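First the structure, in the form of C-alpha cells, and then the observations on it.
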Protein chains: 2
Amino acid sequence: MTKADIHDVAKAAGVSISTVSRAFTRPDLVSDKTRRRVLDIADRLDFNISRSATALKSGRTNRVALLMNEEITSWFNTEVFAGLESVMHPAGYDISLFQHIDTAENRREFFTDLPIRRNVDAVFVASFAIDPPEVEQLKRIHVPIIGINIPSTTGFDASISIDDEEGMYRATQHLIGLGHRHIVYPCSEATDMDASIDARGRGFIRACEGASARRGDLDWRVLSVPRGPEFVDSALSALLALDEFPDAICCQMDMMAIPMIIKLERYGRRTPRDYSIIGFDDSIYAREMGLTTMRQDPRAMGRSAARKALRLINGEELDAGKAHETVEAQLVLRDTDAPYTAS
Amino acid sequence: MTKADIHDVAKAAGVSISTVSRAFTRPDLVSDKTRRRVLDIADRLDFNISRSATALKSGRTNRVALLMNEEITSWFNTEVFAGLESVMHPAGYDISLFQHIDTAENRREFFTDLPIRRNVDAVFVASFAIDPPEVEQLKRIHVPIIGINIPSTTGFDASISIDDEEGMYRATQHLIGLGHRHIVYPCSEATDMDASIDARGRGFIRACEGASARRGDLDWRVLSVPRGPEFVDSALSALLALDEFPDAICCQMDMMAIPMIIKLERYGRRTPRDYSIIGFDDSIYAREMGLTTMRQDPRAMGRSAARKALRLINGEELDAGKAHETVEAQLVLRDTDAPYTAS
DNA sequence: TTGAAAGCGGTACCAT
DNA sequence: ATGGTACCGCTTTCAA
C-alpha cells in the first residue's frame with residue numbers, strides 16, 4: 001500500500017478533491033459533517049497536505065534565508081536563531097541557514113551564485129556588514145531583506161540593531177563615574193566584518209576622550225589582540241605586561257570578561273577588591289559569575305526581525321519610522337564593579 | 001517587469017524549457033555552447049530552479065525534521081544542530097525544527113497532529129525518550145527515523161548515542177583512583193525525559209557501589225536538587241550544608257561544575273587544593289576554566305546522524321551493525337583534580 | 001542534442 | 001456547500 005494522495009482521500013470520503021483541500025485549508029467553507037469525515041479519513045490514511053504543492057501553487061516558498069557571519073554556535077547567533085524560529089516556525093516557515101558568509105571567498109561565492117534566488121520569501125542578515133555591490137546583488141532576488149545588528153540600513157527593508165557604540169560608551173562612563181582613572185579595553189582585533197565589535201571600541205574611546213578632555217587625568221588604552229581561540233590568554237598577558245595594573249577593565253564582551261576574571265584570580269587579582277570589570281552581552285554564566293555587564297537581548301531582536309519580515313512578506317507596510325529600530329543595551333549591576341579606592 | 005520563469009529563459013535562449021531544465025540539473029546532457037548560453041541568460045534574468053517545483057515533481061521534500069526536548073539554545077542542542085546542518089545543508093536539505101517536545105501536552109499535540117507527515121524526508125530525534133506508542137505514530141510518516149542520544153533504539157532506523165553511564169562511571173572511578181573517599185554527586189532531579197542525565201547518575205552510583213563493596217570506606221552521596229535556573233545555588237547550599245565538605249565533587253555536567261567552582265572559591269574552597277571536581281561535556285569555558293571533564297562531541301554526533309539519514313533517504317543500506325552507534329566520552333585532564341591529601 | 005507533453009499534488013475560480 | 005478544471009514550475013519519458 002503506497003502513500004495515499006488527495007484522490008484516495010476524496011474517494012474514500014465520497015467527495016471531490018476540492019472538498020478535501022478545503023477541509024484542510026478553509027475549514028469554514030466545508031460543512032461540519034463533511035469536514036470531520038474528511039479529516040478523519042485523511043488521518044486514517046496518513047494523508048496530509050503537501051507543503052511543496054502548496055508552495056508551488058501559491059508562488060511562495062515558505063522558507064526564509066538567514067545569513068550569518070560565523071557559526072550558529074556563538075551565543076549571539078544561537079539566540080537570534082531561536083528568536084526568529086519562535087516566530088517563523090509557527091507561521092509555517094523554514095529557516096534556511098547560510099553560515100560563514102565571512103571570508104571574501106565565501107561571500108563572493110554566495111553573492112554571485114545567489115542560491116537562494118527565487119527560493120526564499122525573505123532574507124535575514126545577522127550581524128555583518130554587506131557592501132553596496134552585495135546589497136545590489138541581494139536585491140535582485142526581490143524579496144524583503146531584514147537586518148539584525150547591521151552597521152548601515154542602506155538597502156535593507158527593515159532592521160533592528162543594538163546601539164553598541166552607545167552601550168559601550170555608557171559602560172565606560174560607569175567605570176569612570178566610579179572614580180577609576182586607569183582603564184583598559186581588551187579586545188580582539190577589528191575586522192571589517194563584525195561591525196558590532198568595532199562600534200563598541202569606538203564607544204569606549206569616545207567616553208575616554210571625553211573624560212580626558214574634561215579632567216585630563218585619565219589613563220586609558222585599548223589592548224587589541226589577534227582573534228582566535230587564544231584571544232583571552234593574549235589579552236591577559238598584554239594586561240599583565242602593563243607597567244601598572246589598571247583600576248578597571250572594560251571588556252568587549254562577556255566571553256572576554258569571564259575567563260579573564262577567573263584567570264586573574266589565579267594571579268591574585270580579585271574583583272571588585274583589586275579592580276572593577278564590566279562585560280557586554282549578559283551571556284552565559286554572566287549571572288552566575290555576578291558579572292556587571294551591558295545586557296543585550298538578541299533573542300528579542302530575532303523575534304522583532306521576524307515580525308517585520310512577516311509583514312513585509314504579506315505586503316503590509318511597516319508603520320512609518322518603524323522599519324529600522326535601534327535598541328539600547330541595559331546596564332546590569334552585579335558584583336564586579338566598585339568605587340575606586342587607592343590601594 | 002515581473003520575475004522571469006523558465007519559459008522566459010527558454011525563449012530568450014531560443015531553446016525549449018526542457019533544455020533550460022537540463023542545463024541546470026543535468027548539465028552533461030546539454031551541449032556546452034547551449035548550456036553556457038542558457039545559464040548566462042538565466043543569470044541575467046535572475047532565474048533559478050524552483051525548489052518547490054523540483055520537490056513536488058520528485059516526490060521529495062528536501063526537508064528534514066529535528067525534534068528536541070527543550071530549546072535549541074542549550075550547548076548540546078546547538079552543537080547537534082550545527083553538526084546536522086553542516087551535512088544536510090550542502091546536501092540540499094532544510095532543517096525544520098520542533099522544539100519543546102517535552103511536556104506531556106506538547107508531545108501529545110505533536111504526535112497526534114504529526115504536522116511533519118508527508119512533509120519531511122527524515123526525522124531526527126535529539127536526546128529524549130519517546131515511548132512505544134509515540135514511536136508507532138512516528139513510523140506512520142514512513143520516513144527514516146534517526147536518534148541522537150536516545151535511551152532505546154527500538155523503532156529507530158539508525159542512531160548515535162554517547163555512553164553516559166559508562167562515561168560517568170569512569171569519571172567517578174578517576175576520582176576514587178585519586179584516593180578520594182568522600183564524594184558527592186550534585187545533580188538536578190531526574191525527569192523521564194532526559195535520559196542522558198539519568199544514565200550519568202547511574203554511572204556514578206555503580207562506581208561508588210563497586211568501590212564500597214571492594215574497600216568499604218567510601219562515603220558517597222547523590223545531591224539531587226530541583227531543576228530550574230537556580231539549580232546551581234540549590235546544589236551549592238546542599239553541599240555547604242553537609243557535615244563535612246567532600247574531597248571530591250563529580251558533576252552531572254559542566255554547567256553545574258563551572259559556576260560551582262566560581263562560587264566555592266568565594267567561600268574559600270579552592271580546587272584542586274581543597275577538593276577535586278570533574279565535569280561532563282567539555283562545553284563552553286571548560287578549557288578556560290581548566291576544568292577536568294568528560295568530553296563528548298555532539299557536533300560530531302550530528303554529522304554522523306546526518307550521514308546515516310542521507311543514506312537511508314537514498315534507499316541505501318547502512319553497513320551491517322553500523323546503524324546504531326555508541327561513542328565513549330573522553331576524560332580530559334586539566335587542573336581541577338589532584339590526588340587526595342589529608343587536610 | 002533537443003523538443004513536446006504528461007504529470008507531480010495541490011489551489012482557487014467558476015459553476016451548480 | 002460542493003464539484004470540475006485550469007494551472008503553479010519543473011522533470012522526465014518519448015520522439016525526432
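Naming works like this for the C-alpha cells: A, B, ... for the chains as they're shown, residue 1 at the start of each chain, ligands 1 onward in shown order.
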Give me every strand (DSSP E or B) residue in region 151-326 of chain B, going by DSSP on the backbone, as a PDB file with N, CA, C and O atoms, in the first residue's frame.
```
ATOM      1  N   ALA B 158      18.180   4.276  12.701  1.00  0.00           N
ATOM      2  CA  ALA B 158      19.601   4.467  12.966  1.00  0.00           C
ATOM      3  C   ALA B 158      19.729   5.376  14.169  1.00  0.00           C
ATOM      4  O   ALA B 158      18.775   6.032  14.556  1.00  0.00           O
ATOM      5  N   SER B 159      20.912   5.396  14.738  1.00  0.00           N
ATOM      6  CA  SER B 159      21.102   6.261  15.904  1.00  0.00           C
ATOM      7  C   SER B 159      22.576   6.384  16.236  1.00  0.00           C
ATOM      8  O   SER B 159      23.406   5.566  15.805  1.00  0.00           O
ATOM      9  N   ILE B 160      22.871   7.410  16.979  1.00  0.00           N
ATOM     10  CA  ILE B 160      24.200   7.546  17.559  1.00  0.00           C
ATOM     11  C   ILE B 160      24.032   8.159  18.938  1.00  0.00           C
ATOM     12  O   ILE B 160      23.339   9.166  19.088  1.00  0.00           O
ATOM     13  N   SER B 161      24.617   7.494  19.910  1.00  0.00           N
ATOM     14  CA  SER B 161      24.439   7.955  21.278  1.00  0.00           C
ATOM     15  C   SER B 161      25.743   7.878  22.030  1.00  0.00           C
ATOM     16  O   SER B 161      26.618   7.074  21.716  1.00  0.00           O
ATOM     17  N   ILE B 162      25.857   8.719  23.019  1.00  0.00           N
ATOM     18  CA  ILE B 162      27.034   8.656  23.864  1.00  0.00           C
ATOM     19  C   ILE B 162      26.713   7.721  25.012  1.00  0.00           C
ATOM     20  O   ILE B 162      25.563   7.593  25.433  1.00  0.00           O
ATOM     21  N   HIS B 182      35.448  10.738  50.014  1.00  0.00           N
ATOM     22  CA  HIS B 182      34.190  11.403  50.339  1.00  0.00           C
ATOM     23  C   HIS B 182      33.746  12.158  49.082  1.00  0.00           C
ATOM     24  O   HIS B 182      34.237  13.237  48.773  1.00  0.00           O
ATOM     25  N   ILE B 183      32.840  11.550  48.344  1.00  0.00           N
ATOM     26  CA  ILE B 183      32.485  12.042  47.008  1.00  0.00           C
ATOM     27  C   ILE B 183      31.006  12.375  46.922  1.00  0.00           C
ATOM     28  O   ILE B 183      30.152  11.601  47.361  1.00  0.00           O
ATOM     29  N   VAL B 184      30.751  13.520  46.341  1.00  0.00           N
ATOM     30  CA  VAL B 184      29.368  13.950  46.207  1.00  0.00           C
ATOM     31  C   VAL B 184      29.025  14.138  44.729  1.00  0.00           C
ATOM     32  O   VAL B 184      29.866  14.563  43.932  1.00  0.00           O
ATOM     33  N   TYR B 185      27.793  13.811  44.401  1.00  0.00           N
ATOM     34  CA  TYR B 185      27.307  13.965  43.026  1.00  0.00           C
ATOM     35  C   TYR B 185      26.128  14.929  43.013  1.00  0.00           C
ATOM     36  O   TYR B 185      24.990  14.543  43.257  1.00  0.00           O
ATOM     37  N   PRO B 186      26.396  16.203  42.771  1.00  0.00           N
ATOM     38  CA  PRO B 186      25.280  17.149  42.700  1.00  0.00           C
ATOM     39  C   PRO B 186      24.618  17.060  41.333  1.00  0.00           C
ATOM     40  O   PRO B 186      25.305  16.989  40.316  1.00  0.00           O
ATOM     41  N   CYS B 187      23.326  17.055  41.322  1.00  0.00           N
ATOM     42  CA  CYS B 187      22.634  16.929  40.042  1.00  0.00           C
ATOM     43  C   CYS B 187      21.228  17.509  40.143  1.00  0.00           C
ATOM     44  O   CYS B 187      20.670  17.631  41.229  1.00  0.00           O
ATOM     45  N   SER B 188      20.686  17.872  38.993  1.00  0.00           N
ATOM     46  CA  SER B 188      19.287  18.285  39.025  1.00  0.00           C
ATOM     47  C   SER B 188      18.422  17.041  38.882  1.00  0.00           C
ATOM     48  O   SER B 188      18.833  16.036  38.304  1.00  0.00           O
ATOM     49  N   ASP B 219      32.590   7.183  51.335  1.00  0.00           N
ATOM     50  CA  ASP B 219      31.434   7.970  51.752  1.00  0.00           C
ATOM     51  C   ASP B 219      30.938   8.737  50.533  1.00  0.00           C
ATOM     52  O   ASP B 219      31.585   9.676  50.082  1.00  0.00           O
ATOM     53  N   TRP B 220      29.831   8.310  49.991  1.00  0.00           N
ATOM     54  CA  TRP B 220      29.359   8.961  48.771  1.00  0.00           C
ATOM     55  C   TRP B 220      27.876   9.268  48.853  1.00  0.00           C
ATOM     56  O   TRP B 220      27.135   8.638  49.591  1.00  0.00           O
ATOM     57  N   ARG B 221      27.453  10.279  48.114  1.00  0.00           N
ATOM     58  CA  ARG B 221      26.027  10.566  48.084  1.00  0.00           C
ATOM     59  C   ARG B 221      25.635  11.393  46.869  1.00  0.00           C
ATOM     60  O   ARG B 221      26.435  12.115  46.295  1.00  0.00           O
ATOM     61  N   VAL B 222      24.382  11.241  46.528  1.00  0.00           N
ATOM     62  CA  VAL B 222      23.801  11.995  45.411  1.00  0.00           C
ATOM     63  C   VAL B 222      23.041  13.167  46.011  1.00  0.00           C
ATOM     64  O   VAL B 222      22.228  12.992  46.910  1.00  0.00           O
ATOM     65  N   LEU B 223      23.353  14.359  45.508  1.00  0.00           N
ATOM     66  CA  LEU B 223      22.678  15.561  45.981  1.00  0.00           C
ATOM     67  C   LEU B 223      21.740  16.036  44.879  1.00  0.00           C
ATOM     68  O   LEU B 223      22.135  16.761  43.976  1.00  0.00           O
ATOM     69  N   SER B 224      20.509  15.604  44.988  1.00  0.00           N
ATOM     70  CA  SER B 224      19.562  15.922  43.910  1.00  0.00           C
ATOM     71  C   SER B 224      18.781  17.186  44.247  1.00  0.00           C
ATOM     72  O   SER B 224      18.189  17.298  45.314  1.00  0.00           O
ATOM     73  N   VAL B 225      18.800  18.127  43.329  1.00  0.00           N
ATOM     74  CA  VAL B 225      18.093  19.392  43.563  1.00  0.00           C
ATOM     75  C   VAL B 225      17.103  19.651  42.424  1.00  0.00           C
ATOM     76  O   VAL B 225      17.255  19.111  41.331  1.00  0.00           O
ATOM     77  N   ALA B 248      35.821  15.334  46.958  1.00  0.00           N
ATOM     78  CA  ALA B 248      35.679  15.361  45.508  1.00  0.00           C
ATOM     79  C   ALA B 248      34.212  15.554  45.115  1.00  0.00           C
ATOM     80  O   ALA B 248      33.311  15.069  45.790  1.00  0.00           O
ATOM     81  N   ILE B 249      34.060  16.269  44.019  1.00  0.00           N
ATOM     82  CA  ILE B 249      32.718  16.508  43.509  1.00  0.00           C
ATOM     83  C   ILE B 249      32.663  16.028  42.070  1.00  0.00           C
ATOM     84  O   ILE B 249      33.504  16.372  41.238  1.00  0.00           O
ATOM     85  N   CYS B 250      31.682  15.220  41.826  1.00  0.00           N
ATOM     86  CA  CYS B 250      31.509  14.655  40.500  1.00  0.00           C
ATOM     87  C   CYS B 250      30.256  15.316  39.922  1.00  0.00           C
ATOM     88  O   CYS B 250      29.158  15.117  40.437  1.00  0.00           O
ATOM     89  N   SER B 276      38.764  18.023  44.669  1.00  0.00           N
ATOM     90  CA  SER B 276      38.815  17.772  43.224  1.00  0.00           C
ATOM     91  C   SER B 276      37.409  17.878  42.674  1.00  0.00           C
ATOM     92  O   SER B 276      36.429  17.583  43.367  1.00  0.00           O
ATOM     93  N   ILE B 277      37.322  18.299  41.439  1.00  0.00           N
ATOM     94  CA  ILE B 277      35.992  18.356  40.823  1.00  0.00           C
ATOM     95  C   ILE B 277      36.128  17.977  39.357  1.00  0.00           C
ATOM     96  O   ILE B 277      37.110  18.315  38.685  1.00  0.00           O
ATOM     97  N   ILE B 278      35.127  17.264  38.860  1.00  0.00           N
ATOM     98  CA  ILE B 278      35.161  16.828  37.468  1.00  0.00           C
ATOM     99  C   ILE B 278      33.813  17.121  36.830  1.00  0.00           C
ATOM    100  O   ILE B 278      32.774  16.990  37.474  1.00  0.00           O
ATOM    101  N   GLY B 279      33.864  17.578  35.613  1.00  0.00           N
ATOM    102  CA  GLY B 279      32.628  17.920  34.910  1.00  0.00           C
ATOM    103  C   GLY B 279      32.274  16.867  33.878  1.00  0.00           C
ATOM    104  O   GLY B 279      32.846  15.765  33.853  1.00  0.00           O
ATOM    105  N   PHE B 280      31.327  17.208  33.036  1.00  0.00           N
ATOM    106  CA  PHE B 280      30.926  16.301  31.967  1.00  0.00           C
ATOM    107  C   PHE B 280      30.429  17.155  30.809  1.00  0.00           C
ATOM    108  O   PHE B 280      29.547  17.997  31.006  1.00  0.00           O
ATOM    109  N   ASP B 281      30.995  16.953  29.643  1.00  0.00           N
ATOM    110  CA  ASP B 281      30.608  17.618  28.389  1.00  0.00           C
ATOM    111  C   ASP B 281      31.804  18.246  27.682  1.00  0.00           C
ATOM    112  O   ASP B 281      31.938  18.149  26.480  1.00  0.00           O
ATOM    113  N   THR B 293      37.306  17.177  32.841  1.00  0.00           N
ATOM    114  CA  THR B 293      35.930  16.813  32.466  1.00  0.00           C
ATOM    115  C   THR B 293      35.888  15.638  31.510  1.00  0.00           C
ATOM    116  O   THR B 293      36.902  15.257  30.917  1.00  0.00           O
ATOM    117  N   MET B 294      34.709  15.059  31.359  1.00  0.00           N
ATOM    118  CA  MET B 294      34.495  14.022  30.363  1.00  0.00           C
ATOM    119  C   MET B 294      33.970  14.707  29.103  1.00  0.00           C
ATOM    120  O   MET B 294      32.903  15.308  29.125  1.00  0.00           O
ATOM    121  N   ARG B 295      34.719  14.566  28.042  1.00  0.00           N
ATOM    122  CA  ARG B 295      34.326  15.254  26.820  1.00  0.00           C
ATOM    123  C   ARG B 295      33.383  14.431  25.970  1.00  0.00           C
ATOM    124  O   ARG B 295      33.580  13.237  25.755  1.00  0.00           O
ATOM    125  N   HIS B 324      23.291   1.492  14.447  1.00  0.00           N
ATOM    126  CA  HIS B 324      23.251   2.082  15.790  1.00  0.00           C
ATOM    127  C   HIS B 324      24.650   2.136  16.390  1.00  0.00           C
ATOM    128  O   HIS B 324      25.319   1.111  16.498  1.00  0.00           O
ATOM    129  N   GLU B 325      25.048   3.321  16.724  1.00  0.00           N
ATOM    130  CA  GLU B 325      26.415   3.562  17.155  1.00  0.00           C
ATOM    131  C   GLU B 325      26.417   4.076  18.594  1.00  0.00           C
ATOM    132  O   GLU B 325      25.554   4.857  18.982  1.00  0.00           O
ATOM    133  N   THR B 326      27.424   3.680  19.336  1.00  0.00           N
ATOM    134  CA  THR B 326      27.603   4.251  20.677  1.00  0.00           C
ATOM    135  C   THR B 326      29.018   4.780  20.767  1.00  0.00           C
ATOM    136  O   THR B 326      29.958   4.101  20.358  1.00  0.00           O
TER     137      THR B 326
END
```
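Interface residues on chain D toward chain B (cut-off 7 Å, only C-alpha atoms (C1' of nucleotides)): DG9, DC10 and DT11 of chain D.
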Cut-off 7 Å: closest chain A/chain B atom pairs per residue, using only C-alpha atoms, as CSV:
```
residue,atom,partner,partner_atom,distance
A:Asp46,CA,B:Arg140,CA,6.7
A:Asn48,CA,B:Arg117,CA,6.2
A:Ser50,CA,B:Asn119,CA,6.2
A:Arg51,CA,B:Asn119,CA,6.4
A:Ser52,CA,B:Ser52,CA,5.0
A:Ala53,CA,B:Leu56,CA,5.8
A:Ala55,CA,B:Ser52,CA,6.2
A:Leu56,CA,B:Ser52,CA,5.5
A:Thr61,CA,B:Ser52,CA,6.6
A:Ile72,CA,B:Ala82,CA,6.8
A:Thr73,CA,B:Thr78,CA,5.9
A:Thr78,CA,B:Thr73,CA,5.9
A:Glu79,CA,B:Thr73,CA,6.6
A:Ala82,CA,B:Ile72,CA,6.8
A:Asp94,CA,B:Ser96,CA,5.7
A:Ser96,CA,B:Asp94,CA,5.7
A:Arg117,CA,B:Asn48,CA,6.2
A:Arg118,CA,B:Asn48,CA,6.2
A:Asn119,CA,B:Ser50,CA,6.2
A:Arg140,CA,B:Asp46,CA,6.7
A:Pro259,CA,B:Glu288,CA,6.0
A:Ile262,CA,B:Met289,CA,7.0
A:Glu288,CA,B:Pro259,CA,6.0
A:Met289,CA,B:Pro259,CA,6.9
```
Review point. Within 8 Å of chain A, which residues of chain C show up when using only C-alpha atoms (C1' of nucleotides), listed as a list in words?
Key: DG9, DG10 and DT11 of chain C
Practice item. Tell me, as a ChimeraX atom specification, which residues lie within 12 Å of DT16 (chain C), counting only C-alpha atoms (C1' of nucleotides); anything in the same chain fewer than 3 positions away does not count. Key: /D:1-4
Just N, CA and C atoms (P, O5', C5', C4', C3', O3' and C1' of nucleotides) for this one: save the residues we selected as a short mmCIF file (atom, residue, chain, number, x, y, z; two decimals), in the first residue's frame.
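Saved to out-v9.cif:
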```
data_model
loop_
_atom_site.label_atom_id
_atom_site.label_comp_id
_atom_site.auth_asym_id
_atom_site.auth_seq_id
_atom_site.Cartn_x
_atom_site.Cartn_y
_atom_site.Cartn_z
P DA D 1 -21.81 26.81 3.89
"O5'" DA D 1 -21.90 25.45 3.06
"C5'" DA D 1 -22.59 24.33 3.57
"C4'" DA D 1 -22.54 23.26 2.53
"C3'" DA D 1 -21.19 22.56 2.37
"O3'" DA D 1 -21.44 21.18 2.13
"C1'" DA D 1 -21.77 23.60 0.33
P DT D 2 -20.28 20.16 2.03
"O5'" DT D 2 -19.97 20.08 0.49
"C5'" DT D 2 -20.87 19.37 -0.35
"C4'" DT D 2 -20.52 19.59 -1.80
"C3'" DT D 2 -19.18 18.99 -2.24
"O3'" DT D 2 -19.46 17.82 -2.99
"C1'" DT D 2 -19.64 21.11 -3.26
P DG D 3 -18.25 16.97 -3.54
"O5'" DG D 3 -18.18 17.51 -5.03
"C5'" DG D 3 -19.32 17.40 -5.85
"C4'" DG D 3 -19.00 17.93 -7.24
"C3'" DG D 3 -17.75 17.35 -7.88
"O3'" DG D 3 -18.05 17.05 -9.24
"C1'" DG D 3 -17.59 19.71 -7.84
P DG D 4 -16.98 16.37 -10.17
"O5'" DG D 4 -16.54 17.56 -11.13
"C5'" DG D 4 -17.52 18.18 -11.97
"C4'" DG D 4 -16.84 19.16 -12.90
"C3'" DG D 4 -15.61 18.61 -13.63
"O3'" DG D 4 -15.59 19.16 -14.95
"C1'" DG D 4 -14.97 20.46 -12.29
#
```
Check your understanding: Separation of CA of Gly216 (chain B) and CA of His174 (chain B), in Å?
Key -> 17.3 Å
Exercise for review: Give me every helix (DSSP H, G or I) residue in region 69-308 of chain A, going by DSSP on the backbone, as a ChimeraX atom specification.
Suggested key: /A:75-88,104-113,132-139,164-177,195-215,231-240,254-266,286-289,298-308
Practice item. Please provide as a ChimeraX atom specification all residues within 12 Å of DA16 (chain D), with the sequence filter that same-chain residues fewer than 6 positions apart are discarded (counting only C-alpha atoms (C1' of nucleotides)). Key: /C:1-4
Can you write just those residues out, N, CA, C and O atoms (P, O5', C5', C4', C3', O3' and C1' of nucleotides), as a short mmCIF file (atom, residue, chain, number, x, y, z; two decimals), in the first residue's frame?
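After the write, part_16.cif holds the following:
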```
data_model
loop_
_atom_site.label_atom_id
_atom_site.label_comp_id
_atom_site.auth_asym_id
_atom_site.auth_seq_id
_atom_site.Cartn_x
_atom_site.Cartn_y
_atom_site.Cartn_z
P DT C 1 25.56 15.28 -26.67
"O5'" DT C 1 24.46 16.34 -27.09
"C5'" DT C 1 24.79 17.37 -27.98
"C4'" DT C 1 23.50 17.88 -28.54
"C3'" DT C 1 22.66 18.72 -27.56
"O3'" DT C 1 22.38 19.96 -28.17
"C1'" DT C 1 21.32 17.05 -28.59
P DT C 2 21.73 21.11 -27.42
"O5'" DT C 2 20.19 20.85 -27.67
"C5'" DT C 2 19.65 21.08 -28.96
"C4'" DT C 2 18.25 20.57 -29.05
"C3'" DT C 2 17.23 21.23 -28.12
"O3'" DT C 2 16.42 22.08 -28.91
"C1'" DT C 2 16.89 18.88 -28.33
P DG C 3 15.28 22.96 -28.15
"O5'" DG C 3 14.00 22.05 -28.40
"C5'" DG C 3 13.63 21.71 -29.73
"C4'" DG C 3 12.33 20.95 -29.75
"C3'" DG C 3 11.20 21.58 -28.92
"O3'" DG C 3 9.99 21.43 -29.66
"C1'" DG C 3 11.62 19.40 -28.13
P DA C 4 8.70 22.18 -29.22
"O5'" DA C 4 7.69 20.99 -28.90
"C5'" DA C 4 7.63 19.85 -29.74
"C4'" DA C 4 6.63 18.84 -29.18
"C3'" DA C 4 5.45 19.45 -28.42
"O3'" DA C 4 4.29 18.65 -28.67
"C1'" DA C 4 6.72 18.09 -26.96
#
```
